[in-house]
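Take a look at the structure below.
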Amino acid sequence: MAHVTLENVVKRYGDQTVLSPIQLTVKDGEFLTLLGPSGCGKSTLLRMIAGLTEVTEGAVYIGDEKMNDVAPKDRGVGMVFQSYALFPNMTVAENVAFGLDMQKVKKDERATRVQEMLALVGLEDRASHYPNELSGGQQQRVALARALVVRPRVLLLDEPLSALDAKIRKHLQRTLRDIQRQLKITMILVTHDQEEAMALADRIVLLDSGQIAQIGTPKQLYRQPATEFVARFIGHYNVWTKEQVLHHLEGDASTLAQATMYAMRPEAFRLQEIPDSFVLRGTVVEETMAGNIVRTTLACEGEQFVIEQLHQDAHSYQRGEMLTCWIPYREVIALQ
Amino acid sequence: MKWLPKSMFILLFCYLSLPVIGTVLYSFATTWHQSILPEGWTLQTYERLFVDAMFWKALGRTVWLAGGSVIVAMVVIVPALLYIVVYFPKYERWIQLLILGVYAFPGIILAVGLLRSYNGTGIPMLLILSGAYVISVVPFIYQSLKNTMNGLNARALMDAAELLGATKWQAFRKVILPLVKTGLFVGALLSFSALVGEFVLINLVVGSKFETIQMYLMKKMSASGHLASAIVVVYLVGIIGLTGAAARLMHSQMKKGAM
């Protein structure tokens, strides 16, 4: 268990800068998520913490120890890969025992610890199976046990659930969160799925083309997106320019904070009048079902925007029907 | 029209197998002139062959030269190839280009080139030849290695092993090597049989100072056709045995992979 500090970490391949100076501290026992679209540098950042990719500039600290020149095997870091990376020539138990074997742990202790770990991930009865006899979800649980059995100070997870189907993914998310709480281990998860990030993380670091776009709790990121990129990536935000806002929203414009761009959450719109709110009128363009919510696209003088209502409250609207919506003043969020 | 492909197959089979069958029969024949099958049968040719010390020496030299070259190739080439395949996949196309070069080089040019470059340098020509052999089997080794590494994310496996406390060498030895060893063995067998059959280079570069099985065969061909046939049969049985072993190994590996 340890905190991780990145001090102005930069990664360049030739002339191409993959990560601009990154300054970040992951607290001891924290579950941190590195979130971002593919190619934003999140996996590179994770691999630099692991020591699998060299740091061009800056320093990586695990605990208080500078790690730049420490080999991956001596960093006390565990890692789970998207491709599982289980050793196909070894059984489940042998896979889990590999790290203990490398640490020259005595045979009896090794067997007990392997058993404990397999029990933790619920695979005691699969100990003598080979990886290709297991399902994807089971394989990833073995990978998790294998990484945890050596008691790493930090556990790194590189898109571990991306290759799994939705139901198993949800189940493993819970398993991950439970294990993290139980072992109180520092975990850093890389994902491109904002729902996964929200469900798991204590804090989210959102990366955009090699730079940190915003750091915060899931709630902070969702309620107060700092930039247009964050607003668009994190939710189905409606992002309008100041001109668009002033033109289409009727109400007290002096309540708006100074900005050139504004974001409005689709679920902040109401179809009944509420006090201290802007009024907005539009015609229905399209209505889509997304399970528990109904998403309606409206057009207001050529400008489209989206509102969301809980399924149970929602009426069905006809295409071309005129709707009046209200949005509270404080829900029109100023972006940087 | 069903008979057409069938008869084509039979024709092709005969075309390919008749010379072999003829050679086998001839090696067991006393005389064979004006009849369809030999006029009499004998094992004497094989007896003569097997008591000839020269034959065993030639066979020994061949095994020594081909085997030695294959072992050197395994020790030197395999780690290099694996390192490139695992860590620098983008350079693999250069390897493929180099391999094409190995195939494209005519033996005669290679022989003359080797003689011109190294004759008189004091390095034994046998060693030079062996070096050329090591390079000439790279295509076999590379291809078998690639076949077994198909679908294997070797980079992630190495990374995983290293993060679990293994050194690069330990990770290679405990994880990668067991996974590719069958492929390597098949590659080694193929390389070995290719080198055993090599005649052009050894004849031109080293000559009769170092008589291999091919050269022994060449010499005996003018002395006795029966004896030459017997050598070919022994040689064939050996090669078929080796390729059979390689094929069986490949097959069992595939079954294991499909589990």
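Residue numbering restarts at 1 in every chain; chains get A, B, ... in the order shown in the structure tokens, and ligands count up from 1 in that same order.
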
> Which polymer residues have any atom within 10 Å of an atom of stretch 202-209 of chain A, counting only C-alpha atoms, with same-chain residues fewer than 4 positions away left out, as a ChimeraX atom specification?
Replying inline: /A:17-20,22,24,26-27,29-42,188-190,192,194,197-198,213-221,229-230,233-234

>> Counting only C-alpha atoms, a student should be able to say which residues of chain B come within 10 Å of chain A; what is the right answer, written as a PyMOL selection string?
In response: chain B and resi 152-168+170-171+174-176+178-179+256-259

>> If we count only C-alpha atoms and set the cut-off at 10 Å, which residues sit around A:Val121, ignoring sequence neighbours fewer than 6 positions away in its own chain? Please answer as a ChimeraX atom specification.
In response: /A:138,140-145,172,175-176,179

>> Taking 6 positions as the minimum chain separation for residues in the same chain, which residues sit within 9 Å of B:Leu189 when counting only C-alpha atoms? Answer as a PyMOL selection string.
In response: chain B and resi 70+242-243+245-246

Include N, CA and C atoms and write out the residues we just selected as a PDB file, in the first residue's frame.
```
ATOM      1  N   VAL B  70      22.629 -26.580 -36.904  1.00  0.00           N
ATOM      2  CA  VAL B  70      21.277 -26.345 -36.388  1.00  0.00           C
ATOM      3  C   VAL B  70      21.334 -25.906 -34.924  1.00  0.00           C
ATOM      4  N   LEU B 242      12.163 -38.360 -39.770  1.00  0.00           N
ATOM      5  CA  LEU B 242      12.295 -37.039 -39.157  1.00  0.00           C
ATOM      6  C   LEU B 242      11.060 -36.170 -39.406  1.00  0.00           C
ATOM      7  N   THR B 243      10.636 -36.123 -40.713  1.00  0.00           N
ATOM      8  CA  THR B 243       9.475 -35.286 -41.024  1.00  0.00           C
ATOM      9  C   THR B 243       8.230 -35.808 -40.351  1.00  0.00           C
ATOM     10  N   ALA B 245       8.114 -37.322 -37.512  1.00  0.00           N
ATOM     11  CA  ALA B 245       8.196 -36.902 -36.103  1.00  0.00           C
ATOM     12  C   ALA B 245       7.771 -35.439 -35.977  1.00  0.00           C
ATOM     13  N   ALA B 246       8.246 -34.613 -36.916  1.00  0.00           N
ATOM     14  CA  ALA B 246       7.900 -33.189 -36.892  1.00  0.00           C
ATOM     15  C   ALA B 246       6.396 -33.001 -37.046  1.00  0.00           C
TER      16      ALA B 246
END
```

> Pick from B:Phe105, B:Phe9, B:Phe50, B:Tyr142: nearest to B:Glu92, with only C-alpha atoms counted?
Replying inline: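 Looking at the shortest contact to B:Glu92, the residue is B:Tyr142.
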
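Here atom CA of A:Gly302 stands at a distance of 27.2 Å from atom CA of A:Gln224.
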
>> I'd like the neighbourhood of B:Ser130 as number ranges by chain, where a residue qualifies if any of its atoms comes within 12 Å (using only C-alpha atoms), though same-chain residues fewer than 5 positions away should be ignored.
In response: B: 62, 64-73, 114, 123-125, 135-137, 195, 198, 201-202, 205-206

> Among stretch 36-247 of chain A, which residues carry a DSSP assignment of strand (DSSP E), reported as a PyMOL selection string?
Replying inline: chain A and resi 57-62+65-66+77-80+154-158+186-191+203-208+211-216+238-241

So that I can check the secondary structure, give me every residue of stretch 86-323 of chain A assigned helix (DSSP H, G or I) by backbone DSSP, as a PDB file with C-alpha atoms, in the first residue's frame.
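The resulting file, result.pdb, is shown below:
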```pdb
ATOM      1  CA  VAL A  92      -4.759 -21.671 -12.742  1.00  0.00           C
ATOM      2  CA  ALA A  93      -2.942 -22.516  -9.500  1.00  0.00           C
ATOM      3  CA  GLU A  94       0.461 -22.407 -11.221  1.00  0.00           C
ATOM      4  CA  ASN A  95      -0.392 -19.047 -12.760  1.00  0.00           C
ATOM      5  CA  VAL A  96      -1.293 -17.608  -9.374  1.00  0.00           C
ATOM      6  CA  ALA A  97       1.761 -19.201  -7.769  1.00  0.00           C
ATOM      7  CA  PHE A  98       4.166 -17.760 -10.384  1.00  0.00           C
ATOM      8  CA  GLY A  99       4.868 -14.524  -8.532  1.00  0.00           C
ATOM      9  CA  LEU A 100       5.381 -16.331  -5.216  1.00  0.00           C
ATOM     10  CA  ASP A 101       7.715 -18.737  -6.976  1.00  0.00           C
ATOM     11  CA  MET A 102       9.767 -15.771  -8.215  1.00  0.00           C
ATOM     12  CA  LYS A 107       6.045 -24.263  -0.661  1.00  0.00           C
ATOM     13  CA  ASP A 108       3.518 -24.563   2.194  1.00  0.00           C
ATOM     14  CA  GLU A 109       2.984 -20.828   2.437  1.00  0.00           C
ATOM     15  CA  ARG A 110       2.710 -20.603  -1.338  1.00  0.00           C
ATOM     16  CA  ALA A 111      -0.070 -23.202  -1.413  1.00  0.00           C
ATOM     17  CA  THR A 112      -2.038 -21.451   1.339  1.00  0.00           C
ATOM     18  CA  ARG A 113      -1.729 -18.032  -0.249  1.00  0.00           C
ATOM     19  CA  VAL A 114      -2.752 -19.362  -3.676  1.00  0.00           C
ATOM     20  CA  GLN A 115      -5.792 -21.005  -2.069  1.00  0.00           C
ATOM     21  CA  GLU A 116      -6.709 -17.793  -0.248  1.00  0.00           C
ATOM     22  CA  MET A 117      -6.512 -15.741  -3.419  1.00  0.00           C
ATOM     23  CA  LEU A 118      -8.519 -18.196  -5.484  1.00  0.00           C
ATOM     24  CA  ALA A 119     -11.152 -18.146  -2.753  1.00  0.00           C
ATOM     25  CA  LEU A 120     -11.171 -14.335  -2.838  1.00  0.00           C
ATOM     26  CA  GLU A 124     -11.199 -22.463  -5.738  1.00  0.00           C
ATOM     27  CA  ASP A 125     -12.712 -25.254  -7.814  1.00  0.00           C
ATOM     28  CA  ARG A 126     -10.828 -24.240 -10.958  1.00  0.00           C
ATOM     29  CA  PRO A 131      -6.673 -20.926 -18.825  1.00  0.00           C
ATOM     30  CA  ASN A 132      -8.189 -21.941 -22.173  1.00  0.00           C
ATOM     31  CA  GLU A 133     -10.747 -24.058 -20.294  1.00  0.00           C
ATOM     32  CA  GLY A 136     -13.207 -14.676 -20.265  1.00  0.00           C
ATOM     33  CA  GLY A 137     -14.551 -13.463 -16.946  1.00  0.00           C
ATOM     34  CA  GLN A 138     -12.991 -16.371 -15.080  1.00  0.00           C
ATOM     35  CA  GLN A 139      -9.666 -15.796 -16.817  1.00  0.00           C
ATOM     36  CA  GLN A 140      -9.664 -12.178 -15.753  1.00  0.00           C
ATOM     37  CA  ARG A 141     -10.405 -13.199 -12.170  1.00  0.00           C
ATOM     38  CA  VAL A 142      -7.393 -15.539 -12.284  1.00  0.00           C
ATOM     39  CA  ALA A 143      -5.311 -12.636 -13.598  1.00  0.00           C
ATOM     40  CA  LEU A 144      -6.546 -10.527 -10.706  1.00  0.00           C
ATOM     41  CA  ALA A 145      -5.649 -13.241  -8.176  1.00  0.00           C
ATOM     42  CA  ARG A 146      -2.226 -13.653  -9.787  1.00  0.00           C
ATOM     43  CA  ALA A 147      -1.526  -9.921  -9.514  1.00  0.00           C
ATOM     44  CA  LEU A 148      -2.793  -9.650  -5.925  1.00  0.00           C
ATOM     45  CA  ALA A 166     -21.962  -6.278 -20.286  1.00  0.00           C
ATOM     46  CA  LYS A 167     -23.357  -8.579 -17.598  1.00  0.00           C
ATOM     47  CA  ILE A 168     -20.012 -10.087 -16.610  1.00  0.00           C
ATOM     48  CA  ARG A 169     -18.445  -6.630 -16.765  1.00  0.00           C
ATOM     49  CA  LYS A 170     -20.931  -5.270 -14.231  1.00  0.00           C
ATOM     50  CA  HIS A 171     -20.371  -8.274 -11.978  1.00  0.00           C
ATOM     51  CA  LEU A 172     -16.581  -7.932 -12.113  1.00  0.00           C
ATOM     52  CA  GLN A 173     -16.823  -4.198 -11.440  1.00  0.00           C
ATOM     53  CA  ARG A 174     -18.497  -5.042  -8.142  1.00  0.00           C
ATOM     54  CA  THR A 175     -15.874  -7.714  -7.411  1.00  0.00           C
ATOM     55  CA  LEU A 176     -13.099  -5.204  -8.078  1.00  0.00           C
ATOM     56  CA  ARG A 177     -14.646  -2.577  -5.837  1.00  0.00           C
ATOM     57  CA  ASP A 178     -15.240  -5.112  -3.047  1.00  0.00           C
ATOM     58  CA  ILE A 179     -11.681  -6.421  -3.193  1.00  0.00           C
ATOM     59  CA  GLN A 180     -10.316  -2.879  -3.198  1.00  0.00           C
ATOM     60  CA  ARG A 181     -12.296  -2.024  -0.061  1.00  0.00           C
ATOM     61  CA  GLN A 182     -11.347  -5.283   1.612  1.00  0.00           C
ATOM     62  CA  LEU A 183      -7.605  -5.051   0.928  1.00  0.00           C
ATOM     63  CA  GLN A 194     -17.147   6.757 -18.474  1.00  0.00           C
ATOM     64  CA  GLU A 195     -19.882   4.712 -16.796  1.00  0.00           C
ATOM     65  CA  GLU A 196     -17.303   2.226 -15.537  1.00  0.00           C
ATOM     66  CA  ALA A 197     -15.128   5.066 -14.289  1.00  0.00           C
ATOM     67  CA  MET A 198     -18.070   6.647 -12.442  1.00  0.00           C
ATOM     68  CA  ALA A 199     -19.167   3.364 -10.895  1.00  0.00           C
ATOM     69  CA  LEU A 200     -15.740   2.415  -9.555  1.00  0.00           C
ATOM     70  CA  PRO A 218     -17.280  11.274 -10.305  1.00  0.00           C
ATOM     71  CA  LYS A 219     -19.885  13.704  -8.970  1.00  0.00           C
ATOM     72  CA  GLN A 220     -17.669  16.737  -9.511  1.00  0.00           C
ATOM     73  CA  LEU A 221     -16.857  15.728 -13.059  1.00  0.00           C
ATOM     74  CA  TYR A 222     -20.475  15.104 -13.855  1.00  0.00           C
ATOM     75  CA  ARG A 223     -21.956  18.160 -12.141  1.00  0.00           C
ATOM     76  CA  GLU A 228     -16.427  21.386 -23.456  1.00  0.00           C
ATOM     77  CA  PHE A 229     -14.393  18.182 -23.846  1.00  0.00           C
ATOM     78  CA  VAL A 230     -15.274  17.030 -20.319  1.00  0.00           C
ATOM     79  CA  ALA A 231     -18.937  17.886 -20.756  1.00  0.00           C
ATOM     80  CA  ARG A 232     -19.185  15.982 -24.015  1.00  0.00           C
ATOM     81  CA  PHE A 233     -17.153  12.971 -22.816  1.00  0.00           C
ATOM     82  CA  ILE A 234     -18.766  12.543 -19.419  1.00  0.00           C
ATOM     83  CA  LYS A 242     -22.818  32.236 -25.308  1.00  0.00           C
ATOM     84  CA  GLU A 243     -24.617  33.660 -28.349  1.00  0.00           C
ATOM     85  CA  GLN A 244     -26.790  30.571 -28.680  1.00  0.00           C
ATOM     86  CA  VAL A 245     -27.641  30.640 -24.985  1.00  0.00           C
ATOM     87  CA  LEU A 246     -28.542  34.327 -24.979  1.00  0.00           C
ATOM     88  CA  HIS A 247     -30.591  33.954 -28.118  1.00  0.00           C
ATOM     89  CA  HIS A 248     -32.620  30.878 -27.215  1.00  0.00           C
ATOM     90  CA  ALA A 253     -29.233  36.499 -18.245  1.00  0.00           C
ATOM     91  CA  SER A 254     -27.424  38.182 -15.331  1.00  0.00           C
ATOM     92  CA  THR A 255     -27.501  34.838 -13.466  1.00  0.00           C
ATOM     93  CA  PRO A 266     -30.260  16.755 -20.590  1.00  0.00           C
ATOM     94  CA  GLU A 267     -31.935  15.584 -17.374  1.00  0.00           C
ATOM     95  CA  ALA A 268     -31.864  19.128 -15.891  1.00  0.00           C
TER      96      ALA A 268
END
```

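The residue that comes closest to A:Val10, out of A:Leu161, A:Ile333, A:Val284, A:Met48 and on the basis of only C-alpha atoms, is A:Met48.
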
>> Please report the interatomic distance between atom CA of B:Thr212 and atom CA of B:Leu110 in Å with one decimal.
In response: 19.2 Å

> By how many Å are atom CA of A:Leu46 and atom CA of A:Leu156 apart?
Replying inline: 7.0 Å
